[in-house]
>>> print(open('model.cif').read())   # mmCIF, C-alpha atoms
data_target
loop_
_atom_site.group_PDB
_atom_site.id
_atom_site.type_symbol
_atom_site.label_atom_id
_atom_site.label_comp_id
_atom_site.auth_asym_id
_atom_site.auth_seq_id
_atom_site.Cartn_x
_atom_site.Cartn_y
_atom_site.Cartn_z
ATOM 1 C CA MET A 1 -13.881 2.041 -35.031
ATOM 2 C CA THR A 2 -13.232 2.431 -31.302
ATOM 3 C CA LEU A 3 -15.829 2.443 -28.570
ATOM 4 C CA ILE A 4 -14.976 4.979 -25.875
ATOM 5 C CA ARG A 5 -16.769 4.338 -22.594
ATOM 6 C CA GLY A 6 -15.043 6.924 -20.474
ATOM 7 C CA THR A 7 -12.113 9.177 -19.918
ATOM 8 C CA VAL A 8 -9.621 10.228 -17.279
ATOM 9 C CA SER A 9 -8.281 13.539 -16.112
ATOM 10 C CA ILE A 10 -4.534 13.511 -15.504
ATOM 11 C CA ASP A 11 -2.773 15.881 -13.113
ATOM 12 C CA VAL A 12 0.432 15.995 -15.120
ATOM 13 C CA GLU A 13 2.202 18.348 -12.710
ATOM 14 C CA ARG A 14 1.827 15.857 -9.876
ATOM 15 C CA CYS A 15 3.177 12.976 -11.995
ATOM 16 C CA LYS A 16 6.654 11.596 -11.240
ATOM 17 C CA GLY A 17 6.910 9.633 -14.469
ATOM 18 C CA CYS A 18 6.954 6.111 -12.990
ATOM 19 C CA GLU A 19 5.031 4.645 -15.966
ATOM 20 C CA LEU A 20 3.092 2.158 -13.805
ATOM 21 C CA CYS A 21 -0.152 3.328 -15.418
ATOM 22 C CA ILE A 22 1.139 2.506 -18.906
ATOM 23 C CA ALA A 23 1.457 -1.224 -18.201
ATOM 24 C CA ALA A 24 -1.660 -1.296 -16.018
ATOM 25 C CA CYS A 25 -4.011 0.067 -18.694
ATOM 26 C CA PRO A 26 -5.934 -2.947 -20.126
ATOM 27 C CA PRO A 27 -6.869 -1.331 -23.469
ATOM 28 C CA GLY A 28 -3.372 0.155 -23.755
ATOM 29 C CA VAL A 29 -4.494 3.709 -24.401
ATOM 30 C CA LEU A 30 -1.947 5.502 -22.224
ATOM 31 C CA SER A 31 1.476 6.465 -23.526
ATOM 32 C CA MET A 32 4.252 8.634 -22.116
ATOM 33 C CA SER A 33 4.757 12.169 -23.350
ATOM 34 C CA SER A 34 7.980 13.301 -24.931
ATOM 35 C CA GLU A 35 7.817 16.638 -23.115
ATOM 36 C CA THR A 36 8.241 16.997 -19.355
ATOM 37 C CA ASN A 37 6.365 18.737 -16.554
ATOM 38 C CA GLU A 38 7.811 21.453 -14.322
ATOM 39 C CA ASN A 39 9.620 18.878 -12.190
ATOM 40 C CA GLY A 40 11.263 17.344 -15.226
ATOM 41 C CA TYR A 41 9.171 14.185 -15.433
ATOM 42 C CA ARG A 42 7.495 12.782 -18.536
ATOM 43 C CA PHE A 43 3.806 12.089 -17.970
ATOM 44 C CA PRO A 44 1.036 9.897 -19.451
ATOM 45 C CA LEU A 45 -1.182 10.981 -22.320
ATOM 46 C CA LEU A 46 -4.585 9.445 -23.081
ATOM 47 C CA GLU A 47 -5.410 8.155 -26.531
ATOM 48 C CA SER A 48 -8.946 7.209 -27.542
ATOM 49 C CA GLY A 49 -10.439 3.945 -26.269
ATOM 50 C CA CYS A 50 -10.651 4.437 -22.481
ATOM 51 C CA THR A 51 -13.069 2.028 -20.780
ATOM 52 C CA ALA A 52 -13.160 3.842 -17.396
ATOM 53 C CA CYS A 53 -11.889 0.653 -15.716
ATOM 54 C CA ARG A 54 -9.941 2.651 -13.060
ATOM 55 C CA ALA A 55 -6.770 0.537 -13.300
ATOM 56 C CA CYS A 56 -4.570 3.609 -13.930
ATOM 57 C CA ARG A 57 -6.059 5.401 -10.963
ATOM 58 C CA ASP A 58 -5.663 2.379 -8.695
ATOM 59 C CA VAL A 59 -1.972 1.787 -9.455
ATOM 60 C CA CYS A 60 -0.867 5.448 -9.529
ATOM 61 C CA PRO A 61 1.291 6.289 -6.473
ATOM 62 C CA ASP A 62 0.984 10.013 -7.104
ATOM 63 C CA TYR A 63 -2.798 10.343 -7.259
ATOM 64 C CA CYS A 64 -2.807 11.787 -10.782
ATOM 65 C CA PHE A 65 -5.970 10.203 -12.192
ATOM 66 C CA GLU A 66 -9.692 10.851 -11.875
ATOM 67 C CA VAL A 67 -11.939 8.527 -13.840
ATOM 68 C CA PHE A 68 -15.191 9.373 -15.606
ATOM 69 C CA ARG A 69 -17.694 7.071 -17.320
ATOM 70 C CA PHE A 70 -19.804 8.387 -20.188
ATOM 71 C CA ASP A 71 -23.567 8.012 -19.900
ATOM 72 C CA ARG A 72 -23.478 6.698 -23.460
ATOM 73 C CA PRO A 73 -20.385 5.187 -25.116
ATOM 74 C CA VAL A 74 -18.902 7.316 -27.883
ATOM 75 C CA VAL A 75 -17.881 5.827 -31.212
ATOM 76 C CA ALA A 76 -14.628 7.242 -32.523
ATOM 77 C CA MET B 1 -22.601 13.147 -10.130
ATOM 78 C CA THR B 2 -23.340 13.435 -13.817
ATOM 79 C CA ASP B 3 -21.511 16.223 -15.567
ATOM 80 C CA GLY B 4 -22.391 16.832 -19.194
ATOM 81 C CA GLY B 5 -23.019 13.170 -19.950
ATOM 82 C CA ARG B 6 -20.234 11.774 -17.850
ATOM 83 C CA LYS B 7 -20.121 10.513 -14.285
ATOM 84 C CA LYS B 8 -17.078 10.515 -12.021
ATOM 85 C CA VAL B 9 -16.461 6.917 -10.964
ATOM 86 C CA ALA B 10 -13.153 7.336 -9.127
ATOM 87 C CA SER B 11 -11.528 10.320 -7.435
ATOM 88 C CA ALA B 12 -7.784 10.735 -7.267
ATOM 89 C CA LEU B 13 -7.758 11.016 -3.484
ATOM 90 C CA ALA B 14 -9.352 8.784 -0.874
ATOM 91 C CA PRO B 15 -11.935 10.140 1.539
ATOM 92 C CA LEU B 16 -10.086 11.515 4.599
ATOM 93 C CA GLN B 17 -7.133 12.388 2.380
ATOM 94 C CA LEU B 18 -6.230 16.065 2.669
ATOM 95 C CA SER B 19 -3.573 16.202 -0.022
ATOM 96 C CA GLY B 20 -1.995 14.189 -2.802
ATOM 97 C CA GLU B 21 1.419 15.741 -2.322
ATOM 98 C CA HIS B 22 4.104 13.514 -0.844
ATOM 99 C CA HIS B 23 7.861 13.162 -1.052
ATOM 100 C CA LEU B 24 8.047 9.442 -1.822
ATOM 101 C CA CYS B 25 10.029 8.274 -4.838
ATOM 102 C CA PRO B 26 8.579 7.582 -8.298
ATOM 103 C CA GLY B 27 7.091 4.087 -8.528
ATOM 104 C CA CYS B 28 6.760 3.598 -4.755
ATOM 105 C CA GLY B 29 3.927 1.317 -3.697
ATOM 106 C CA HIS B 30 3.277 2.891 -0.303
ATOM 107 C CA PRO B 31 0.917 5.672 -1.436
ATOM 108 C CA VAL B 32 -1.319 3.067 -3.039
ATOM 109 C CA ALA B 33 -1.555 1.254 0.296
ATOM 110 C CA TRP B 34 -2.271 4.557 2.069
ATOM 111 C CA ARG B 35 -5.236 5.150 -0.174
ATOM 112 C CA LEU B 36 -6.625 1.671 0.493
ATOM 113 C CA LEU B 37 -6.241 2.195 4.228
ATOM 114 C CA LEU B 38 -8.083 5.507 4.173
ATOM 115 C CA GLU B 39 -10.817 4.141 1.906
ATOM 116 C CA VAL B 40 -11.402 1.242 4.289
ATOM 117 C CA ILE B 41 -11.560 3.503 7.354
ATOM 118 C CA ALA B 42 -14.032 5.773 5.580
ATOM 119 C CA GLU B 43 -16.196 2.932 4.281
ATOM 120 C CA LEU B 44 -16.411 1.346 7.735
ATOM 121 C CA GLN B 45 -17.293 4.775 9.158
ATOM 122 C CA LEU B 46 -14.418 4.627 11.607
ATOM 123 C CA ALA B 47 -12.945 8.060 10.883
ATOM 124 C CA GLY B 48 -14.130 9.578 14.132
ATOM 125 C CA ARG B 49 -12.555 6.911 16.288
ATOM 126 C CA ALA B 50 -9.585 5.745 14.248
ATOM 127 C CA ILE B 51 -6.177 6.211 15.849
ATOM 128 C CA GLY B 52 -3.124 5.226 13.859
ATOM 129 C CA VAL B 53 0.243 4.439 15.381
ATOM 130 C CA VAL B 54 3.179 4.640 13.004
ATOM 131 C CA GLY B 55 6.734 3.472 13.332
ATOM 132 C CA HIS B 56 9.598 4.881 11.289
ATOM 133 C CA GLY B 57 9.790 4.667 7.549
ATOM 134 C CA CYS B 58 8.891 6.399 4.314
ATOM 135 C CA TYR B 59 5.216 5.529 4.890
ATOM 136 C CA THR B 60 5.154 7.781 7.968
ATOM 137 C CA ASN B 61 4.417 10.642 5.570
ATOM 138 C CA ILE B 62 0.758 9.549 5.760
ATOM 139 C CA VAL B 63 0.365 11.554 8.973
ATOM 140 C CA GLN B 64 0.714 14.746 6.944
ATOM 141 C CA LEU B 65 -2.010 13.979 4.443
ATOM 142 C CA ALA B 66 -4.656 11.994 6.308
ATOM 143 C CA ASP B 67 -7.466 13.551 8.319
ATOM 144 C CA ILE B 68 -7.316 11.090 11.201
ATOM 145 C CA ASP B 69 -5.353 10.988 14.435
ATOM 146 C CA PHE B 70 -1.865 9.533 14.427
ATOM 147 C CA LEU B 71 0.940 9.182 16.870
ATOM 148 C CA GLN B 72 4.479 8.133 16.181
ATOM 149 C CA CYS B 73 6.582 5.990 18.445
ATOM 150 C CA LEU B 74 10.012 4.409 18.652
ATOM 151 C CA HIS B 75 11.150 2.227 15.786
ATOM 152 C CA GLY B 76 9.300 -1.081 15.894
ATOM 153 C CA ARG B 77 7.288 -0.357 19.018
ATOM 154 C CA ALA B 78 3.976 0.548 17.400
ATOM 155 C CA PRO B 79 2.059 -2.586 18.496
ATOM 156 C CA ALA B 80 3.086 -1.964 22.125
ATOM 157 C CA VAL B 81 2.038 1.683 21.982
ATOM 158 C CA ALA B 82 -1.180 0.751 20.165
ATOM 159 C CA THR B 83 -1.903 -1.735 22.950
ATOM 160 C CA GLY B 84 -1.834 1.085 25.468
ATOM 161 C CA VAL B 85 -4.022 3.318 23.310
ATOM 162 C CA LYS B 86 -6.593 0.578 22.830
ATOM 163 C CA ARG B 87 -6.690 -0.333 26.499
ATOM 164 C CA VAL B 88 -7.387 3.207 27.647
ATOM 165 C CA GLN B 89 -9.742 3.897 24.737
ATOM 166 C CA PRO B 90 -11.494 0.590 24.050
ATOM 167 C CA GLU B 91 -13.947 2.189 21.639
ATOM 168 C CA ALA B 92 -11.182 3.478 19.385
ATOM 169 C CA ALA B 93 -10.313 1.725 16.131
ATOM 170 C CA VAL B 94 -6.591 1.398 16.741
ATOM 171 C CA PHE B 95 -4.198 0.331 14.046
ATOM 172 C CA THR B 96 -0.481 0.418 13.389
ATOM 173 C CA LEU B 97 1.138 1.226 10.067
ATOM 174 C CA GLN B 98 4.657 -0.133 9.846
ATOM 175 C CA GLY B 99 7.237 -1.293 7.369
ATOM 176 C CA ASP B 100 9.105 -4.567 7.192
ATOM 177 C CA GLY B 101 12.184 -2.923 8.699
ATOM 178 C CA ASP B 102 10.017 -1.688 11.527
ATOM 179 C CA VAL B 103 8.210 -4.979 12.151
ATOM 180 C CA ALA B 104 10.626 -7.734 11.132
ATOM 181 C CA SER B 105 13.934 -6.142 12.088
ATOM 182 C CA GLU B 106 13.295 -3.610 14.840
ATOM 183 C CA GLY B 107 10.102 -4.713 16.527
ATOM 184 C CA LEU B 108 9.530 -8.411 16.033
ATOM 185 C CA ALA B 109 8.962 -8.936 19.745
ATOM 186 C CA GLU B 110 6.319 -6.207 19.947
ATOM 187 C CA VAL B 111 4.188 -7.507 17.096
ATOM 188 C CA LEU B 112 4.404 -11.127 18.221
ATOM 189 C CA HIS B 113 3.486 -10.343 21.821
ATOM 190 C CA ALA B 114 0.619 -8.078 20.755
ATOM 191 C CA ALA B 115 -0.664 -10.919 18.575
ATOM 192 C CA ALA B 116 -0.198 -13.493 21.328
ATOM 193 C CA ARG B 117 -2.128 -11.304 23.749
ATOM 194 C CA GLY B 118 -4.925 -10.999 21.231
ATOM 195 C CA GLU B 119 -4.956 -7.212 21.363
ATOM 196 C CA ARG B 120 -7.930 -5.816 19.446
ATOM 197 C CA ILE B 121 -5.785 -3.835 17.061
ATOM 198 C CA THR B 122 -4.851 -4.096 13.399
ATOM 199 C CA THR B 123 -1.276 -4.034 12.142
ATOM 200 C CA ILE B 124 -0.618 -3.147 8.516
ATOM 201 C CA MET B 125 2.917 -4.081 7.485
ATOM 202 C CA LEU B 126 4.175 -2.600 4.222
ATOM 203 C CA ASN B 127 6.846 -5.016 3.040
ATOM 204 C CA ASN B 128 9.301 -3.843 0.374
ATOM 205 C CA GLY B 129 12.341 -5.606 1.772
ATOM 206 C CA VAL B 130 14.404 -2.495 2.505
ATOM 207 C CA PHE B 131 14.907 0.207 5.093
ATOM 208 C CA GLY B 132 13.911 2.795 2.509
ATOM 209 C CA ASP B 133 13.891 5.792 4.823
ATOM 210 C CA THR B 134 17.519 5.358 5.847
ATOM 211 C CA GLY B 135 18.852 4.679 2.380
ATOM 212 C CA GLY B 136 17.862 1.172 1.372
ATOM 213 C CA GLN B 137 19.582 -1.240 3.742
ATOM 214 C CA MET B 138 18.629 -4.931 3.947
ATOM 215 C CA THR B 139 15.928 -5.903 6.443
ATOM 216 C CA ALA B 140 15.100 -9.228 8.056
ATOM 217 C CA ALA B 141 12.345 -9.568 5.440
ATOM 218 C CA SER B 142 14.543 -8.998 2.363
ATOM 219 C CA VAL B 143 14.250 -11.991 0.064
ATOM 220 C CA ILE B 144 17.103 -14.292 -0.922
ATOM 221 C CA GLY B 145 19.013 -12.794 -3.821
ATOM 222 C CA GLN B 146 17.691 -9.286 -3.226
ATOM 223 C CA ARG B 147 20.224 -6.543 -3.828
ATOM 224 C CA THR B 148 20.182 -3.766 -1.256
ATOM 225 C CA LYS B 149 22.702 -1.147 -0.132
ATOM 226 C CA THR B 150 24.020 -3.605 2.454
ATOM 227 C CA SER B 151 23.743 -6.740 0.301
ATOM 228 C CA LEU B 152 25.040 -5.508 -3.027
ATOM 229 C CA ASP B 153 25.634 -9.011 -4.339
ATOM 230 C CA GLY B 154 22.184 -10.138 -3.241
ATOM 231 C CA ARG B 155 20.980 -11.508 0.073
ATOM 232 C CA ASP B 156 22.821 -14.735 0.689
ATOM 233 C CA ALA B 157 21.393 -17.234 3.177
ATOM 234 C CA GLU B 158 24.791 -18.339 4.408
ATOM 235 C CA THR B 159 25.920 -14.806 5.168
ATOM 236 C CA HIS B 160 22.671 -13.014 6.000
ATOM 237 C CA GLY B 161 20.329 -15.781 7.064
ATOM 238 C CA TYR B 162 16.833 -16.384 5.764
ATOM 239 C CA PRO B 163 13.906 -13.939 5.522
ATOM 240 C CA VAL B 164 11.520 -13.803 8.486
ATOM 241 C CA PRO B 165 7.926 -14.493 7.374
ATOM 242 C CA VAL B 166 6.223 -12.311 9.970
ATOM 243 C CA ALA B 167 2.676 -12.987 8.773
ATOM 244 C CA ASP B 168 3.184 -16.736 9.141
ATOM 245 C CA LEU B 169 4.525 -16.273 12.670
ATOM 246 C CA VAL B 170 1.572 -14.080 13.639
ATOM 247 C CA ALA B 171 -0.870 -16.588 12.141
ATOM 248 C CA SER B 172 0.605 -19.362 14.304
ATOM 249 C CA LEU B 173 -0.352 -17.546 17.517
ATOM 250 C CA ALA B 174 -3.698 -18.232 19.170
ATOM 251 C CA GLY B 175 -4.376 -14.542 19.808
ATOM 252 C CA SER B 176 -4.446 -13.577 16.145
ATOM 253 C CA ALA B 177 -7.879 -13.528 14.553
ATOM 254 C CA TYR B 178 -7.033 -12.684 10.968
ATOM 255 C CA VAL B 179 -3.851 -12.681 8.918
ATOM 256 C CA ALA B 180 -3.614 -11.972 5.197
ATOM 257 C CA ARG B 181 -0.979 -11.005 2.679
ATOM 258 C CA GLY B 182 -1.732 -8.801 -0.308
ATOM 259 C CA SER B 183 0.188 -6.629 -2.735
ATOM 260 C CA VAL B 184 -0.186 -3.335 -4.569
ATOM 261 C CA ASN B 185 1.579 -4.078 -7.835
ATOM 262 C CA HIS B 186 -1.472 -4.803 -10.026
ATOM 263 C CA ALA B 187 -5.013 -3.410 -10.135
ATOM 264 C CA GLY B 188 -6.464 -6.826 -9.241
ATOM 265 C CA SER B 189 -4.219 -7.400 -6.250
ATOM 266 C CA ILE B 190 -4.879 -3.846 -5.059
ATOM 267 C CA ALA B 191 -8.619 -4.555 -4.958
ATOM 268 C CA GLN B 192 -7.982 -7.821 -3.123
ATOM 269 C CA THR B 193 -5.698 -6.138 -0.593
ATOM 270 C CA LYS B 194 -8.433 -3.639 0.187
ATOM 271 C CA ARG B 195 -10.783 -6.521 1.004
ATOM 272 C CA TYR B 196 -8.143 -7.964 3.335
ATOM 273 C CA MET B 197 -7.776 -4.645 5.137
ATOM 274 C CA LYS B 198 -11.518 -4.272 5.501
ATOM 275 C CA ARG B 199 -11.921 -7.697 7.055
ATOM 276 C CA ALA B 200 -8.975 -7.017 9.379
ATOM 277 C CA PHE B 201 -10.505 -3.781 10.672
ATOM 278 C CA GLU B 202 -13.943 -5.351 11.073
ATOM 279 C CA LEU B 203 -12.613 -8.170 13.232
ATOM 280 C CA ALA B 204 -10.312 -6.040 15.388
ATOM 281 C CA VAL B 205 -12.951 -3.367 15.988
ATOM 282 C CA GLY B 206 -15.466 -6.142 16.609
ATOM 283 C CA GLY B 207 -13.276 -7.390 19.458
ATOM 284 C CA VAL B 208 -12.389 -10.738 17.929
ATOM 285 C CA GLY B 209 -8.628 -10.406 18.259
ATOM 286 C CA PHE B 210 -5.397 -9.172 16.735
ATOM 287 C CA THR B 211 -5.465 -8.763 12.973
ATOM 288 C CA PHE B 212 -2.533 -8.412 10.602
ATOM 289 C CA VAL B 213 -2.297 -7.535 6.935
ATOM 290 C CA GLU B 214 1.045 -7.673 5.169
ATOM 291 C CA VAL B 215 1.159 -5.625 1.980
ATOM 292 C CA LEU B 216 3.959 -6.293 -0.495
ATOM 293 C CA THR B 217 4.920 -2.960 -2.036
ATOM 294 C CA MET B 218 7.416 -1.765 -4.620
ATOM 295 C CA CYS B 219 10.613 0.140 -3.834
ATOM 296 C CA PRO B 220 12.332 0.543 -7.214
ATOM 297 C CA THR B 221 14.823 2.992 -5.685
ATOM 298 C CA GLY B 222 15.908 0.483 -3.056
ATOM 299 C CA TRP B 223 15.873 -2.351 -5.571
ATOM 300 C CA PHE B 224 18.062 -0.461 -8.092
ATOM 301 C CA LEU B 225 15.396 -0.899 -10.769
ATOM 302 C CA PRO B 226 13.631 1.297 -13.321
ATOM 303 C CA THR B 227 10.265 2.251 -11.862
ATOM 304 C CA ALA B 228 8.288 0.357 -14.488
ATOM 305 C CA ASP B 229 10.057 -2.893 -13.540
ATOM 306 C CA GLY B 230 8.912 -2.738 -9.889
ATOM 307 C CA PRO B 231 5.628 -4.680 -10.234
ATOM 308 C CA GLY B 232 7.280 -7.498 -12.195
ATOM 309 C CA TYR B 233 10.131 -7.777 -9.696
ATOM 310 C CA LEU B 234 7.587 -8.126 -6.900
ATOM 311 C CA ASP B 235 5.865 -10.940 -8.823
ATOM 312 C CA GLY B 236 9.088 -12.805 -9.487
ATOM 313 C CA THR B 237 10.790 -12.517 -6.118
ATOM 314 C CA PHE B 238 8.702 -11.373 -3.142
ATOM 315 C CA GLU B 239 5.574 -13.263 -4.098
ATOM 316 C CA GLN B 240 7.627 -16.444 -4.411
ATOM 317 C CA THR B 241 8.841 -16.043 -0.818
ATOM 318 C CA TYR B 242 5.641 -14.543 0.528
ATOM 319 C CA PRO B 243 2.613 -16.127 -1.212
ATOM 320 C CA LEU B 244 -0.487 -13.964 -1.329
ATOM 321 C CA GLY B 245 -3.754 -14.902 0.316
ATOM 322 C CA VAL B 246 -5.536 -15.310 3.638
ATOM 323 C CA LEU B 247 -3.319 -17.153 6.104
ATOM 324 C CA LYS B 248 -5.849 -17.216 8.904
ATOM 325 C CA ASP B 249 -9.445 -16.122 9.407
ATOM 326 C CA CYS B 250 -10.626 -16.216 13.032
ATOM 327 C CA ARG B 251 -9.345 -18.424 15.779
#
>>> encode(input="model.cif", output="structure tokens")
Amino acid sequence: MTLIRGTVSIDVERCKGCELCIAACPPGVLSMSSETNENGYRFPLLESGCTACRACRDVCPDYCFEVFRFDRPVVA
Amino acid sequence: MTDGGRKKVASALAPLQLSGEHHLCPGCGHPVAWRLLLEVIAELQLAGRAIGVVGHGCYTNIVQLADIDFLQCLHGRAPAVATGVKRVQPEAAVFTLQGDGDVASEGLAEVLHAAARGERITTIMLNNGVFGDTGGQMTAASVIGQRTKTSLDGRDAETHGYPVPVADLVASLAGSAYVARGSVNHAGSIAQTKRYMKRAFELAVGGVGFTFVEVLTMCPTGWFLPTADGPGYLDGTFEQTYPLGVLKDCR
């Protein structure tokens, strides 16, 4: 059972594939895609378990993330 | 704003940021520092009177995506130009945005004299230890052992001398009111660096004196590293030479 407190939107076309968000994510729910965007970069994908902590957004040099917190946590 | 049971808690762009598009390399730390700078200016309600003075470097790209006034000057001379701006417009919130090549190598005299005079301006120095814009050459702030395009075997003290700790020099001058050193390689240090910038702007705008914030940033391209290794390299090398924290708070 995973408690999901929030989510992020990811602008995958703006991503340059640096992977800084992957290591920065405390619950470890971001992983890199195997496919690439139009510029040829792999990009992060969100798995369930986001806590809306904003770490990915804060470390991202390419401004890819917006962070949302759910009014009520979702159990997945 | 609540939208279908969810509330946005962080936007991608800072207030005053017109665009998220920039040409900087993957894994660069500069855009993170840009966002902090713009957030601080917005939160202190200084947008209408903020004037930025930039030197030369990759970070100069901020002038194309920030909705505040900027002017660009000769390499390293930003504190001297900012002095003139502040003296003719005393109500303006004047700051410089410079790199370590700009401050430590090209314009050490300008920043030290501006600090000694106690000019009411803020200097933000983004320190990644390379002249990134010109291809990654060593700067006076490169750390011992650092590989750059002009120190391929690593900076060697006997050949290249020792790094210049600009923040420590500025802190030793009576005219400086606030000096701090932060970094942008982890979420926690990013939040701390924003607090440093905020305090620096408050004191300079408040007329207390010259304020200086050094921000250690990643340049994986210039460091010949995979992008994901940038934050760890900063921890293991730069932060050993340049410890984080507040070096000085008011005279």
>>> resolve_selection(input="model.cif", expression="the PyMOL selection byres ((chain A) within 10 of (chain B))", output="ChimeraX atom specification")
/A:5-11,14-25,41,52-73
>>> atom_distance(input="model.cif", atom1="CA of Tyr196 in chain B", atom2="CA of Thr51 in chain A")
26.6 Å
>>> atom_distance(input="model.cif", atom1="CA of Phe43 in chain A", atom2="CA of Ser183 in chain B")
24.4 Å
>>> residues_around(input="model.cif", residues="range 33-35 of chain A", least_positions_apart="3", cutoff="7 Å", atoms="all atoms listed in the file", output="list in words")
Arg42, Phe43, Pro44 and Leu45 of chain A
>>> atom_distance(input="model.cif", atom1="CA of Leu65 in chain B", atom2="CA of Gln137 in chain B")
26.4 Å
>>> residues_around(input="model.cif", residues="Glu110 in chain B", least_positions_apart="2", cutoff="7 Å", atoms="all atoms listed in the file", output="list in words")
Arg77, Pro79, Ala80, Gly107, Leu108, Leu112, His113 and Ala114 of chain B
>>> axis_aligned_box(input="model.cif", around="range 9-27 of chain A", padding_each_side="4 Å", output="AutoDock Vina command-line options")
--center_x -0.7 --center_y 7.7 --center_z -16.7 --size_x 23.2 --size_y 29.3 --size_z 21.6
>>> resolve_selection(input="model.cif", expression="the PyMOL selection byres ((chain B and resi 240-250) around 8)", output="list in words")
Val143, Pro165, Ala167, Asp168, Ala171, Ser176, Ala177, Tyr178, Val179, Ala180, Arg181, Gly182, Ser183, Tyr196, Val208, Asp235, Gly236, Thr237, Phe238, Glu239 and Arg251 of chain B
>>> build_atoms(input="model.cif", residues="range 44-55 of chain A", atoms="N, CA and C atoms", output="tab-separated table (two decimals), in the frame of the given file")
chain	number	residue	atom	x	y	z
A	44	PRO	N	1.87	10.67	-18.52
A	44	PRO	CA	1.04	9.90	-19.45
A	44	PRO	C	0.08	10.78	-20.25
A	45	LEU	N	-0.20	10.33	-21.46
A	45	LEU	CA	-1.18	10.98	-22.32
A	45	LEU	C	-2.24	9.94	-22.69
A	46	LEU	N	-3.48	10.36	-22.77
A	46	LEU	CA	-4.58	9.44	-23.08
A	46	LEU	C	-4.91	9.48	-24.57
A	47	GLU	N	-4.93	8.28	-25.15
A	47	GLU	CA	-5.41	8.15	-26.53
A	47	GLU	C	-6.85	7.69	-26.48
A	48	SER	N	-7.53	7.59	-27.58
A	48	SER	CA	-8.95	7.21	-27.54
A	48	SER	C	-9.09	5.71	-27.27
A	49	GLY	N	-10.18	5.35	-26.56
A	49	GLY	CA	-10.44	3.94	-26.27
A	49	GLY	C	-10.52	3.64	-24.79
A	50	CYS	N	-10.56	4.66	-23.93
A	50	CYS	CA	-10.65	4.44	-22.48
A	50	CYS	C	-11.96	3.74	-22.13
A	51	THR	N	-11.88	2.76	-21.20
A	51	THR	CA	-13.07	2.03	-20.78
A	51	THR	C	-13.51	2.43	-19.37
A	52	ALA	N	-12.84	3.40	-18.76
A	52	ALA	CA	-13.16	3.84	-17.40
A	52	ALA	C	-13.03	2.71	-16.38
A	53	CYS	N	-12.04	1.83	-16.60
A	53	CYS	CA	-11.89	0.65	-15.72
A	53	CYS	C	-11.23	1.00	-14.38
A	54	ARG	N	-10.57	2.16	-14.29
A	54	ARG	CA	-9.94	2.65	-13.06
A	54	ARG	C	-8.57	2.05	-12.77
A	55	ALA	N	-8.06	1.19	-13.62
A	55	ALA	CA	-6.77	0.54	-13.30
A	55	ALA	C	-5.66	1.57	-13.14
